[in-house]
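> The following file, entry-v4.pdb, comprises PDB, C-alpha atoms:
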```pdb
MODEL        1
ATOM      1  CA  MET A 136     -24.342 -15.166  -8.056
ATOM      2  CA  ILE A 137     -20.804 -16.444  -8.071
ATOM      3  CA  SER A 138     -17.614 -14.689  -7.084
ATOM      4  CA  GLN A 139     -15.183 -13.433  -9.645
ATOM      5  CA  LEU A 140     -11.723 -12.270  -8.673
ATOM      6  CA  THR A 141     -10.984  -8.906 -10.278
ATOM      7  CA  VAL A 142      -7.496  -7.410 -10.464
ATOM      8  CA  PHE A 143      -6.616  -3.948 -11.706
ATOM      9  CA  LEU A 144      -3.269  -3.967 -13.503
ATOM     10  CA  GLN A 145      -1.170  -1.346 -15.145
ATOM     11  CA  ASN A 146      -0.738  -1.985 -18.856
ATOM     12  CA  GLU A 147       2.952  -2.644 -18.447
ATOM     13  CA  LYS A 148       5.270  -5.456 -19.311
ATOM     14  CA  GLY A 149       5.241  -8.233 -16.727
ATOM     15  CA  ARG A 150       2.306  -7.053 -14.594
ATOM     16  CA  LEU A 151       0.039  -9.956 -15.494
ATOM     17  CA  ALA A 152       2.862 -12.441 -15.018
ATOM     18  CA  SER A 153       3.589 -11.065 -11.583
ATOM     19  CA  ALA A 154      -0.088 -11.109 -10.526
ATOM     20  CA  CYS A 155      -0.420 -14.708 -11.716
ATOM     21  CA  ARG A 156       2.709 -15.623  -9.791
ATOM     22  CA  ALA A 157       1.247 -14.098  -6.636
ATOM     23  CA  ILE A 158      -1.861 -16.269  -7.052
ATOM     24  CA  ALA A 159       0.296 -19.311  -7.766
ATOM     25  CA  ASP A 160       2.428 -18.675  -4.677
ATOM     26  CA  ALA A 161      -0.738 -18.792  -2.585
ATOM     27  CA  ASP A 162      -1.291 -22.275  -4.047
ATOM     28  CA  ILE A 163      -4.490 -21.247  -5.783
ATOM     29  CA  ASN A 164      -5.477 -22.792  -9.098
ATOM     30  CA  MET A 165      -7.124 -20.680 -11.788
ATOM     31  CA  HIS A 166      -9.933 -22.076 -13.919
ATOM     32  CA  ALA A 167     -10.335 -19.189 -16.298
ATOM     33  CA  LEU A 168      -8.902 -15.726 -16.886
ATOM     34  CA  PHE A 169     -10.257 -12.942 -19.056
ATOM     35  CA  LEU A 170      -8.456  -9.724 -19.714
ATOM     36  CA  ALA A 171     -10.006  -6.397 -20.616
ATOM     37  CA  ASP A 172      -7.313  -3.971 -21.644
ATOM     38  CA  THR A 173      -7.147  -0.272 -22.380
ATOM     39  CA  GLN A 174      -4.233   1.909 -23.334
ATOM     40  CA  ASP A 175      -2.882   2.374 -19.835
ATOM     41  CA  PHE A 176      -4.535  -0.235 -17.643
ATOM     42  CA  GLY A 177      -6.086  -3.654 -17.817
ATOM     43  CA  VAL A 178      -8.610  -5.523 -15.709
ATOM     44  CA  ALA A 179      -8.155  -9.258 -15.197
ATOM     45  CA  ARG A 180     -11.306 -11.198 -14.369
ATOM     46  CA  ILE A 181     -10.406 -14.536 -12.911
ATOM     47  CA  PHE A 182     -12.155 -17.706 -11.795
ATOM     48  CA  CYS A 183     -10.089 -19.377  -9.133
ATOM     49  CA  ASP A 184     -10.783 -21.417  -6.050
ATOM     50  CA  PRO A 185     -11.205 -19.927  -3.463
ATOM     51  CA  PRO A 186     -11.582 -16.369  -4.797
ATOM     52  CA  ASP A 187     -11.649 -14.677  -1.387
ATOM     53  CA  LYS A 188      -8.316 -16.110  -0.359
ATOM     54  CA  ALA A 189      -6.769 -15.120  -3.693
ATOM     55  CA  CYS A 190      -8.084 -11.579  -3.261
ATOM     56  CA  GLU A 191      -6.629 -11.391   0.228
ATOM     57  CA  CYS A 192      -3.212 -12.607  -0.947
ATOM     58  CA  LEU A 193      -3.144 -10.149  -3.847
ATOM     59  CA  SER A 194      -4.205  -7.232  -1.672
ATOM     60  CA  GLU A 195      -1.500  -8.085   0.833
ATOM     61  CA  ALA A 196       1.013  -8.128  -2.000
ATOM     62  CA  GLY A 197      -0.099  -4.597  -2.917
ATOM     63  CA  TYR A 198      -2.434  -5.321  -5.826
ATOM     64  CA  ARG A 199      -5.789  -3.653  -6.272
ATOM     65  CA  ALA A 200      -7.937  -6.783  -6.157
ATOM     66  CA  THR A 201     -11.563  -7.307  -5.310
ATOM     67  CA  VAL A 202     -14.212 -10.013  -5.388
ATOM     68  CA  THR A 203     -17.147  -9.146  -7.634
ATOM     69  CA  PRO A 204     -20.485 -10.975  -7.752
ATOM     70  CA  VAL A 205     -21.394 -12.002 -11.294
ATOM     71  CA  ILE A 206     -24.053 -14.249 -12.796
ATOM     72  CA  ALA A 207     -23.015 -17.507 -14.425
ATOM     73  CA  VAL A 208     -25.496 -19.233 -16.707
ATOM     74  CA  ARG A 209     -25.156 -22.768 -17.999
ATOM     75  CA  VAL A 210     -26.143 -22.896 -21.656
ATOM     76  CA  PRO A 211     -26.163 -25.820 -24.096
ATOM     77  CA  ASN A 212     -22.915 -26.053 -26.053
ATOM     78  CA  VAL A 213     -24.619 -25.548 -29.415
ATOM     79  CA  PRO A 214     -24.715 -22.686 -31.916
ATOM     80  CA  GLY A 215     -26.905 -19.884 -30.544
ATOM     81  CA  GLY A 216     -26.464 -20.746 -26.862
ATOM     82  CA  LEU A 217     -25.186 -17.291 -25.973
ATOM     83  CA  ALA A 218     -27.349 -15.478 -28.530
ATOM     84  CA  THR A 219     -30.543 -16.790 -26.917
ATOM     85  CA  LEU A 220     -29.381 -15.687 -23.481
ATOM     86  CA  LEU A 221     -28.407 -12.205 -24.636
ATOM     87  CA  GLU A 222     -31.632 -11.747 -26.599
ATOM     88  CA  TYR A 223     -33.574 -12.546 -23.452
ATOM     89  CA  CYS A 224     -31.553  -9.920 -21.535
ATOM     90  CA  ASP A 225     -32.224  -7.384 -24.271
ATOM     91  CA  GLU A 226     -35.968  -8.077 -24.379
ATOM     92  CA  ASN A 227     -36.173  -7.706 -20.606
ATOM     93  CA  ASP A 228     -34.196  -4.462 -20.465
ATOM     94  CA  MET A 229     -31.272  -5.969 -18.634
ATOM     95  CA  ASN A 230     -28.120  -4.004 -19.328
ATOM     96  CA  VAL A 231     -25.048  -6.214 -19.626
ATOM     97  CA  GLU A 232     -21.930  -4.465 -18.362
ATOM     98  CA  TYR A 233     -19.536  -7.158 -19.546
ATOM     99  CA  GLY A 234     -19.479 -10.875 -20.190
ATOM    100  CA  TYR A 235     -17.397 -13.813 -21.272
ATOM    101  CA  CYS A 236     -17.864 -17.517 -21.862
ATOM    102  CA  PHE A 237     -16.008 -20.728 -21.321
ATOM    103  CA  SER A 238     -16.713 -24.403 -21.883
ATOM    104  CA  VAL A 239     -16.209 -26.781 -19.016
ATOM    105  CA  ALA A 240     -17.662 -29.944 -20.565
ATOM    106  CA  ASP A 241     -18.708 -31.089 -24.017
ATOM    107  CA  ASP A 242     -22.412 -30.678 -23.495
ATOM    108  CA  HIS A 243     -22.589 -27.200 -22.010
ATOM    109  CA  ALA A 244     -20.820 -23.868 -21.750
ATOM    110  CA  ILE A 245     -20.820 -21.280 -18.985
ATOM    111  CA  ASP A 246     -21.657 -17.718 -19.881
ATOM    112  CA  VAL A 247     -20.678 -15.199 -17.242
ATOM    113  CA  LEU A 248     -22.435 -11.845 -17.219
ATOM    114  CA  LYS A 249     -22.290  -8.751 -15.103
ATOM    115  CA  ILE A 250     -25.758  -7.262 -15.356
ATOM    116  CA  GLU A 251     -26.996  -4.008 -13.861
ATOM    117  CA  GLY A 252     -29.737  -4.252 -11.270
ATOM    118  CA  ALA A 253     -30.237  -6.500  -8.242
ATOM    119  CA  ASP A 254     -33.111  -8.454  -9.789
ATOM    120  CA  ALA A 255     -31.148  -9.712 -12.822
ATOM    121  CA  GLU A 256     -30.661 -13.209 -11.462
ATOM    122  CA  ALA A 257     -34.358 -13.570 -10.572
ATOM    123  CA  LYS A 258     -35.329 -12.433 -14.066
ATOM    124  CA  LEU A 259     -33.071 -15.049 -15.642
ATOM    125  CA  VAL A 260     -34.497 -17.777 -13.404
ATOM    126  CA  ALA A 261     -37.990 -16.654 -14.447
ATOM    127  CA  GLY A 262     -36.867 -16.981 -18.066
ATOM    128  CA  GLY A 263     -35.960 -20.596 -17.423
ATOM    129  CA  PHE A 264     -32.183 -20.192 -17.543
ATOM    130  CA  ASP A 265     -29.923 -22.533 -15.623
ATOM    131  CA  ILE A 266     -28.002 -20.393 -13.146
ATOM    132  CA  VAL A 267     -24.747 -21.871 -11.890
ATOM    133  CA  GLU A 268     -24.443 -21.873  -8.114
ATOM    134  CA  SER A 269     -21.213 -20.932  -6.408
ATOM    135  CA  LYS A 270     -20.846 -24.401  -4.841
ATOM    136  CA  GLU A 271     -20.953 -26.070  -8.262
ATOM    137  CA  ILE A 272     -17.750 -24.321  -9.254
ATOM    138  CA  TYR A 273     -15.953 -23.628  -6.014
ATOM    139  CA  GLU A 274     -15.086 -26.066  -3.303
ATOM    140  CA  GLY A 275     -14.329 -23.369  -0.782
TER     141      GLY A 275
ATOM    142  CA  MET B   2      -3.383  35.077  -3.691
ATOM    143  CA  GLY B   3      -0.068  36.762  -3.181
ATOM    144  CA  ARG B   4       3.402  36.423  -1.750
ATOM    145  CA  VAL B   5       4.251  37.093   1.866
ATOM    146  CA  GLY B   6       7.021  39.574   2.609
ATOM    147  CA  HIS B   7       8.134  40.879   5.995
ATOM    148  CA  HIS B   8       9.355  44.240   7.142
ATOM    149  CA  HIS B   9      10.687  44.708  10.621
ATOM    150  CA  ALA B  10       9.601  48.022  11.975
ATOM    151  CA  HIS B  11      11.457  48.092  15.286
ATOM    152  CA  ALA B  12      14.765  46.284  14.930
ATOM    153  CA  ARG B  13      17.589  48.754  15.265
ATOM    154  CA  VAL B  14      20.490  46.433  14.635
ATOM    155  CA  LEU B  15      19.325  43.945  12.055
ATOM    156  CA  SER B  16      16.498  45.334  10.052
ATOM    157  CA  LEU B  17      14.585  43.287   7.561
ATOM    158  CA  ILE B  18      13.270  45.007   4.511
ATOM    159  CA  ARG B  19      11.001  43.117   2.139
ATOM    160  CA  TYR B  20      12.094  39.759   3.438
ATOM    161  CA  ARG B  21      10.561  37.336   0.942
ATOM    162  CA  THR B  22       9.363  34.177   2.666
ATOM    163  CA  ARG B  23       8.217  32.695  -0.659
ATOM    164  CA  ASP B  24       4.956  31.694   0.976
ATOM    165  CA  ILE B  25       1.709  32.038  -0.945
ATOM    166  CA  THR B  26      -1.416  33.217   0.829
ATOM    167  CA  ARG B  27      -4.074  35.920   0.761
ATOM    168  CA  ILE B  28      -5.111  38.786   2.986
ATOM    169  CA  ILE B  29      -8.363  38.553   4.908
ATOM    170  CA  SER B  30      -9.800  42.032   5.396
ATOM    171  CA  GLU B  31     -12.892  41.039   7.353
ATOM    172  CA  PRO B  32     -12.716  41.092  11.162
ATOM    173  CA  CYS B  33     -11.991  37.812  12.915
ATOM    174  CA  SER B  34     -14.811  35.985  14.689
ATOM    175  CA  CYS B  35     -12.895  36.550  17.948
ATOM    176  CA  GLY B  36     -13.518  40.277  17.593
ATOM    177  CA  ARG B  37     -10.087  41.342  16.402
ATOM    178  CA  THR B  38     -10.397  43.825  13.557
ATOM    179  CA  HIS B  39      -6.860  43.873  12.156
ATOM    180  CA  ARG B  40      -6.273  42.463   8.679
ATOM    181  CA  ARG B  41      -5.029  38.896   8.771
ATOM    182  CA  ILE B  42      -3.258  36.513   6.435
ATOM    183  CA  ASP B  43      -4.915  33.217   5.544
ATOM    184  CA  LYS B  44      -3.428  29.748   5.881
ATOM    185  CA  LEU B  45      -0.324  29.332   3.748
ATOM    186  CA  ARG B  46      -1.366  27.716   0.480
ATOM    187  CA  GLY B  47       2.029  26.900  -0.928
ATOM    188  CA  ARG B  48       5.391  28.352  -1.725
ATOM    189  CA  THR B  49       6.542  30.221  -4.791
ATOM    190  CA  ASP B  50       9.373  27.727  -5.238
ATOM    191  CA  ASP B  51       6.757  24.936  -5.545
ATOM    192  CA  MET B  52       5.379  26.692  -8.562
ATOM    193  CA  LEU B  53       5.692  24.892 -11.872
ATOM    194  CA  ILE B  54       5.699  26.627 -15.190
ATOM    195  CA  ILE B  55       3.980  24.279 -17.581
ATOM    196  CA  ARG B  56       3.583  25.450 -21.175
ATOM    197  CA  GLY B  57       4.002  28.957 -19.895
ATOM    198  CA  VAL B  58       1.221  28.658 -17.331
ATOM    199  CA  ASN B  59       1.924  28.959 -13.613
ATOM    200  CA  VAL B  60       0.670  25.890 -11.785
ATOM    201  CA  PHE B  61       0.860  25.156  -8.079
ATOM    202  CA  PRO B  62       0.761  21.524  -6.973
ATOM    203  CA  SER B  63      -1.720  22.641  -4.312
ATOM    204  CA  GLN B  64      -4.224  23.493  -7.070
ATOM    205  CA  ILE B  65      -3.990  19.935  -8.351
ATOM    206  CA  GLU B  66      -4.343  18.598  -4.831
ATOM    207  CA  GLN B  67      -7.436  20.716  -4.334
ATOM    208  CA  VAL B  68      -9.116  19.192  -7.395
ATOM    209  CA  ILE B  69      -8.169  15.660  -6.397
ATOM    210  CA  THR B  70      -9.632  16.021  -2.919
ATOM    211  CA  GLU B  71     -12.977  16.918  -4.516
ATOM    212  CA  PHE B  72     -13.150  13.380  -5.912
ATOM    213  CA  PRO B  73     -14.050  10.930  -3.144
ATOM    214  CA  GLU B  74     -13.299   7.978  -5.438
ATOM    215  CA  ILE B  75      -9.649   8.963  -5.610
ATOM    216  CA  ALA B  76      -7.061   8.377  -2.903
ATOM    217  CA  THR B  77      -5.034  11.320  -1.623
ATOM    218  CA  GLN B  78      -1.736  10.092  -3.063
ATOM    219  CA  TYR B  79      -0.856  11.581  -6.415
ATOM    220  CA  GLN B  80       2.168  12.284  -8.520
ATOM    221  CA  ILE B  81       2.823  14.827 -11.245
ATOM    222  CA  ILE B  82       5.174  13.723 -13.991
ATOM    223  CA  LEU B  83       6.453  16.326 -16.414
ATOM    224  CA  THR B  84       8.098  15.326 -19.659
ATOM    225  CA  THR B  85       8.939  16.984 -22.941
ATOM    226  CA  GLN B  86       6.982  15.925 -25.966
ATOM    227  CA  GLY B  87       8.212  17.616 -29.101
ATOM    228  CA  PRO B  88       8.286  21.335 -28.356
ATOM    229  CA  LEU B  89       5.754  21.115 -25.528
ATOM    230  CA  ASP B  90       5.584  20.047 -21.909
ATOM    231  CA  ARG B  91       3.480  17.006 -21.214
ATOM    232  CA  VAL B  92       1.820  16.613 -17.827
ATOM    233  CA  GLU B  93       0.770  13.264 -16.482
ATOM    234  CA  ILE B  94      -1.033  13.059 -13.189
ATOM    235  CA  GLN B  95      -1.003   9.641 -11.595
ATOM    236  CA  VAL B  96      -3.713   8.823  -9.094
ATOM    237  CA  GLU B  97      -5.061   5.759  -7.334
ATOM    238  CA  THR B  98      -8.663   4.837  -6.760
ATOM    239  CA  GLN B  99     -10.019   4.219  -3.265
ATOM    240  CA  PRO B 100     -10.097   0.512  -2.340
ATOM    241  CA  ASP B 101     -13.900   0.329  -2.622
ATOM    242  CA  PHE B 102     -14.055   1.696  -6.174
ATOM    243  CA  PRO B 103     -15.617  -0.879  -8.576
ATOM    244  CA  ILE B 104     -12.512  -1.701 -10.600
ATOM    245  CA  ASP B 105     -14.217  -4.505 -12.531
ATOM    246  CA  GLU B 106     -16.084  -2.083 -14.789
ATOM    247  CA  ILE B 107     -13.858  -0.394 -17.368
ATOM    248  CA  ARG B 108     -16.611   2.111 -18.155
ATOM    249  CA  LYS B 109     -16.602   3.450 -14.597
ATOM    250  CA  ILE B 110     -12.812   3.779 -14.502
ATOM    251  CA  GLU B 111     -12.767   5.556 -17.871
ATOM    252  CA  SER B 112     -15.557   7.897 -16.806
ATOM    253  CA  LEU B 113     -13.709   8.787 -13.597
ATOM    254  CA  LYS B 114     -10.583   9.556 -15.633
ATOM    255  CA  LYS B 115     -12.539  11.750 -17.999
ATOM    256  CA  ARG B 116     -14.258  13.707 -15.219
ATOM    257  CA  LEU B 117     -10.994  14.261 -13.381
ATOM    258  CA  SER B 118      -9.120  15.492 -16.445
ATOM    259  CA  ALA B 119     -11.956  17.839 -17.387
ATOM    260  CA  GLU B 120     -11.967  19.285 -13.872
ATOM    261  CA  LEU B 121      -8.173  19.675 -13.865
ATOM    262  CA  LYS B 122      -8.227  21.339 -17.237
ATOM    263  CA  SER B 123     -10.826  23.873 -16.180
ATOM    264  CA  ASN B 124      -8.924  24.579 -12.974
ATOM    265  CA  LEU B 125      -5.347  24.754 -14.302
ATOM    266  CA  GLN B 126      -6.091  26.039 -17.824
ATOM    267  CA  ILE B 127      -3.840  23.380 -19.332
ATOM    268  CA  ALA B 128      -4.613  19.884 -20.566
ATOM    269  CA  VAL B 129      -3.266  17.068 -18.425
ATOM    270  CA  ASP B 130      -3.235  13.312 -18.896
ATOM    271  CA  VAL B 131      -4.735  11.430 -15.995
ATOM    272  CA  LYS B 132      -3.434   7.947 -15.404
ATOM    273  CA  ILE B 133      -5.008   5.639 -12.858
ATOM    274  CA  VAL B 134      -2.293   3.466 -11.406
ATOM    275  CA  GLU B 135      -1.963   0.457  -9.133
ATOM    276  CA  PRO B 136      -1.780   1.103  -5.383
ATOM    277  CA  LYS B 137       1.940   0.710  -4.792
ATOM    278  CA  THR B 138       3.082   2.730  -7.815
ATOM    279  CA  ILE B 139       3.045   6.056  -6.026
ATOM    280  CA  ALA B 140       5.654   6.102  -3.300
ATOM    281  CA  ARG B 141       4.289   6.672   0.169
ATOM    282  CA  SER B 142       6.525   9.099   1.903
ATOM    283  CA  GLU B 143       6.691  10.114   5.490
ATOM    284  CA  GLY B 144       6.584  13.820   6.050
ATOM    285  CA  LYS B 145       7.067  15.898   2.975
ATOM    286  CA  ALA B 146       5.923  13.982  -0.087
ATOM    287  CA  LYS B 147       7.721  14.099  -3.399
ATOM    288  CA  ARG B 148       4.810  14.940  -5.646
ATOM    289  CA  VAL B 149       6.511  16.329  -8.709
ATOM    290  CA  ILE B 150       8.861  14.420 -10.978
ATOM    291  CA  ASP B 151      10.259  16.791 -13.560
ATOM    292  CA  LEU B 152      11.835  14.903 -16.445
ATOM    293  CA  ARG B 153      11.673  17.790 -18.893
ATOM    294  CA  GLU B 154      14.666  18.420 -21.082
ATOM    295  CA  GLY B 155      16.916  21.180 -19.836
ATOM    296  CA  LYS B 156      15.336  21.189 -16.376
ATOM    297  CA  ASN B 157      17.776  19.012 -14.478
TER     298      ASN B 157
ENDMDL
END
```
Produce C-alpha cells that represent the structure in this file.

Amino acid sequence: MISQLTVFLQNEKGRLASACRAIADADINMHALFLADTQDFGVARIFCDPPDKACECLSEAGYRATVTPVIAVRVPNVPGGLATLLEYCDENDMNVEYGYCFSVADDHAIDVLKIEGADAEAKLVAGGFDIVESKEIYEG
Amino acid sequence: MGRVGHHHAHARVLSLIRYRTRDITRIISEPCSCGRTHRRIDKLRGRTDDMLIIRGVNVFPSQIEQVITEFPEIATQYQIILTTQGPLDRVEIQVETQPDFPIDEIRKIESLKKRLSAELKSNLQIAVDVKIVEPKTIARSEGKAKRVIDLREGKN
C-alpha cells in the first residue's frame, strides 16, 4: 500500500490552482495528479512527497484533504501491461473502485488501483505482480 | 404543529388578546412524567417568519435540519439557496461531509447526495438539489446562523 493524497474540490474556476498553490507553498513537490470531475465537484488524487505533510497543510488551509491507501503495481511498459493486471483482478473477483497509470521510467509503468477488500494486495502478490512499496516512491 | 398565541386572563390594565408570538409548536395532551396533568406545549420548533414558501409549498428550515441530522456522514452546517429558474423556484441545499467521509470515491459521494435528496424530497414534498461543498464554503456563524439565502426575483 502507498499513500495517495486526496483533495475534494468544488468544480469552480480557480479551485485546483489554489489547492496546488497551497501544496507548493508548503514546499512539497508533486509527482503525479489525476482529476476525477463531476458536474459540481472534483476529486484530485495526488502523488507528492510527503503526502501526510501535504494533507496537514491543506487541511489547515481549510481544504477537505485526506490520505488514502492505494495499491501501486509496477508493470512492464509494453502493450497489454495494464490489461493483464486488470484481467487478473477480474478473474479473482477484485472490484476496482478507480485507477490510473503513469510512467516513471522507460522500462516500466506504475498502475495505481483502489481495490475493495483488505486482501487485495496479498492476492496480487500471489498472482506474481510487482507491488511498489511506499519507500520506493517517497523519501519521507 | 401550530402557532402559539397568548391571552392574558387577569391583567386589568394592559390585556393581551390573541398575542401572536409567531412560534411553532404542538400541544401535548398526555400528563407529564412529573405527575402534572395539565396540557403542555412542546419545545418550540421554529417561527412562522422562518417559513419559506417554495413553489407554493410551506417549508420550515427546521424540517431540512431534521433530515440532515439523520445523516451521520453530513456535518451540521448547511445552507439553503433559493433562486428563480424560469417560472419556478429552485432550491439548492449545500452541505459538507464529515471529515472522516471517504472523499476519494466519487461513487460514495454521489450515493450520499442521492440518498439525501430523496429523503428531503419525501419530507418536504418538493425536489431540491443537494450540493456537497468544501468545508469553508458555508460560513460559520456564532449564535444565530444565516441558513437561508433568498436570491429569488422579486423577493428582495
> Please identify all polymer residues within 8 Å of A:Thr141, counting all atoms listed in the file, omitting same-chain residues fewer than 6 positions from it, and present them as a ChimeraX atom specification.
/A:178-181,200-203 /B:104-105
> Given a cut-off of 12 Å, which residues of chain B touch chain A, counting all atoms listed in the file, written out as a list of chain:residue names?
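Result, ordered by chain then number: B:Glu93, B:Gln95, B:Glu97, B:Thr98, B:Gln99, B:Pro100, B:Asp101, B:Phe102, B:Pro103, B:Ile104, B:Asp105, B:Glu106, B:Ile107, B:Arg108, B:Lys109, B:Ile110, B:Glu111, B:Lys114, B:Asp130, B:Val131, B:Lys132, B:Ile133, B:Val134, B:Glu135, B:Pro136, B:Lys137, B:Thr138, B:Ile139.
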> Nearest to A:Asp242: which of A:Val213, A:Leu220, A:Val267, A:Ala255 is it, counting only C-alpha atoms?
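Among the listed residues, A:Val213 lies closest to A:Asp242.
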> Taking the file as shown, what set of residues would the PyMOL selection byres ((chain A and resi 254) around 12) give back, as a ChimeraX atom specification?
/A:136,206,224,227-230,250-253,255-261
> Residues near stretch 158-163 of chain A, anyone? I mean within 9 Å using all atoms listed in the file, not counting same-chain ones fewer than 2 positions away, as a list in words.
Ser153, Ala154, Cys155, Arg156, Met165, Cys183, Asp184, Pro185, Pro186, Lys188, Ala189, Cys190, Cys192 and Leu193 of chain A
> Output the selection as an mmCIF file, in the coordinates of the input - C-alpha atoms for each residue.

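Output (result38.cif):
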```
data_model
loop_
_atom_site.group_PDB
_atom_site.id
_atom_site.type_symbol
_atom_site.label_atom_id
_atom_site.label_comp_id
_atom_site.auth_asym_id
_atom_site.auth_seq_id
_atom_site.Cartn_x
_atom_site.Cartn_y
_atom_site.Cartn_z
ATOM 1 C CA SER A 153 3.589 -11.065 -11.583
ATOM 2 C CA ALA A 154 -0.088 -11.109 -10.526
ATOM 3 C CA CYS A 155 -0.420 -14.708 -11.716
ATOM 4 C CA ARG A 156 2.709 -15.623 -9.791
ATOM 5 C CA MET A 165 -7.124 -20.680 -11.788
ATOM 6 C CA CYS A 183 -10.089 -19.377 -9.133
ATOM 7 C CA ASP A 184 -10.783 -21.417 -6.050
ATOM 8 C CA PRO A 185 -11.205 -19.927 -3.463
ATOM 9 C CA PRO A 186 -11.582 -16.369 -4.797
ATOM 10 C CA LYS A 188 -8.316 -16.110 -0.359
ATOM 11 C CA ALA A 189 -6.769 -15.120 -3.693
ATOM 12 C CA CYS A 190 -8.084 -11.579 -3.261
ATOM 13 C CA CYS A 192 -3.212 -12.607 -0.947
ATOM 14 C CA LEU A 193 -3.144 -10.149 -3.847
#
```
> Under the rule that all atoms listed in the file are counted, which of A:Tyr223, A:Phe264, A:Tyr273, A:Tyr235 is the nearest residue to A:His166?
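Closest to A:His166, using all atoms listed in the file: A:Tyr273.
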> Taking (0.5, 29.2, 6.2) in the file's coordinates, which residues come within 9 Å, counting all atoms listed in the file, written as a list in words?
Asp24, Ile25, Thr26, Ile42, Asp43, Lys44, Leu45, Arg46 and Gly47 of chain B
> Export, as a short mmCIF file (atom, residue, chain, number, x, y, z; two decimals), in the coordinates of the input, the selected residues with C-alpha atoms.

```
data_model
loop_
_atom_site.label_atom_id
_atom_site.label_comp_id
_atom_site.auth_asym_id
_atom_site.auth_seq_id
_atom_site.Cartn_x
_atom_site.Cartn_y
_atom_site.Cartn_z
CA ASP B 24 4.96 31.69 0.98
CA ILE B 25 1.71 32.04 -0.94
CA THR B 26 -1.42 33.22 0.83
CA ILE B 42 -3.26 36.51 6.44
CA ASP B 43 -4.92 33.22 5.54
CA LYS B 44 -3.43 29.75 5.88
CA LEU B 45 -0.32 29.33 3.75
CA ARG B 46 -1.37 27.72 0.48
CA GLY B 47 2.03 26.90 -0.93
#
```
> Run through the PyMOL selection byres ((chain B and resi 55) around 9) on the given coordinates and return the selected residues as a list of chain:residue names.
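Those residues are B:Leu53, B:Ile54, B:Arg56, B:Gly57, B:Val58, B:Asn59, B:Val60, B:Leu83, B:Leu89, B:Asp90, B:Arg91, B:Val92, B:Ile127.
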> For the file shown, what are the residues hit by the PyMOL selection byres ((chain A and resi 269) around 9), laid out as a list in words?
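Residues picked by the PyMOL selection byres ((chain A and resi 269) around 9): Met136, Ile137, Ser138, Ala207, Val267, Glu268, Lys270, Glu271, Ile272, Tyr273 and Glu274 of chain A.
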> Which distance in Å separates atom CA of B:Asp151 and atom CA of B:Ser112, to one decimal?
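Separating atom CA of B:Asp151 from atom CA of B:Ser112 is a distance of 27.5 Å.
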> Atom CA of B:Arg148 and atom CA of B:Gln80, how far apart in Å?
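Answer for the atom CA of B:Gln80 to atom CA of B:Arg148 separation: 4.7 Å.
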> Mind giving me the straight-line distance from atom CA of B:Lys122 to atom CA of B:Gly155 in Å, one decimal?
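These atoms are spaced 25.3 Å apart.
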> Can you list, as number ranges by chain, every protein, DNA or RNA residue that comes within 6 Å of A:Val210 when you count all atoms listed in the file, leaving out same-chain residues fewer than 3 positions away?
A: 216, 243-244
> So that I can check the surroundings of A:Val208, please list as a ChimeraX atom specification every protein, DNA and RNA residue that reaches within 6 Å of it, counting all atoms listed in the file and ignoring chain neighbours fewer than 3 positions away.
/A:245-246,265-267
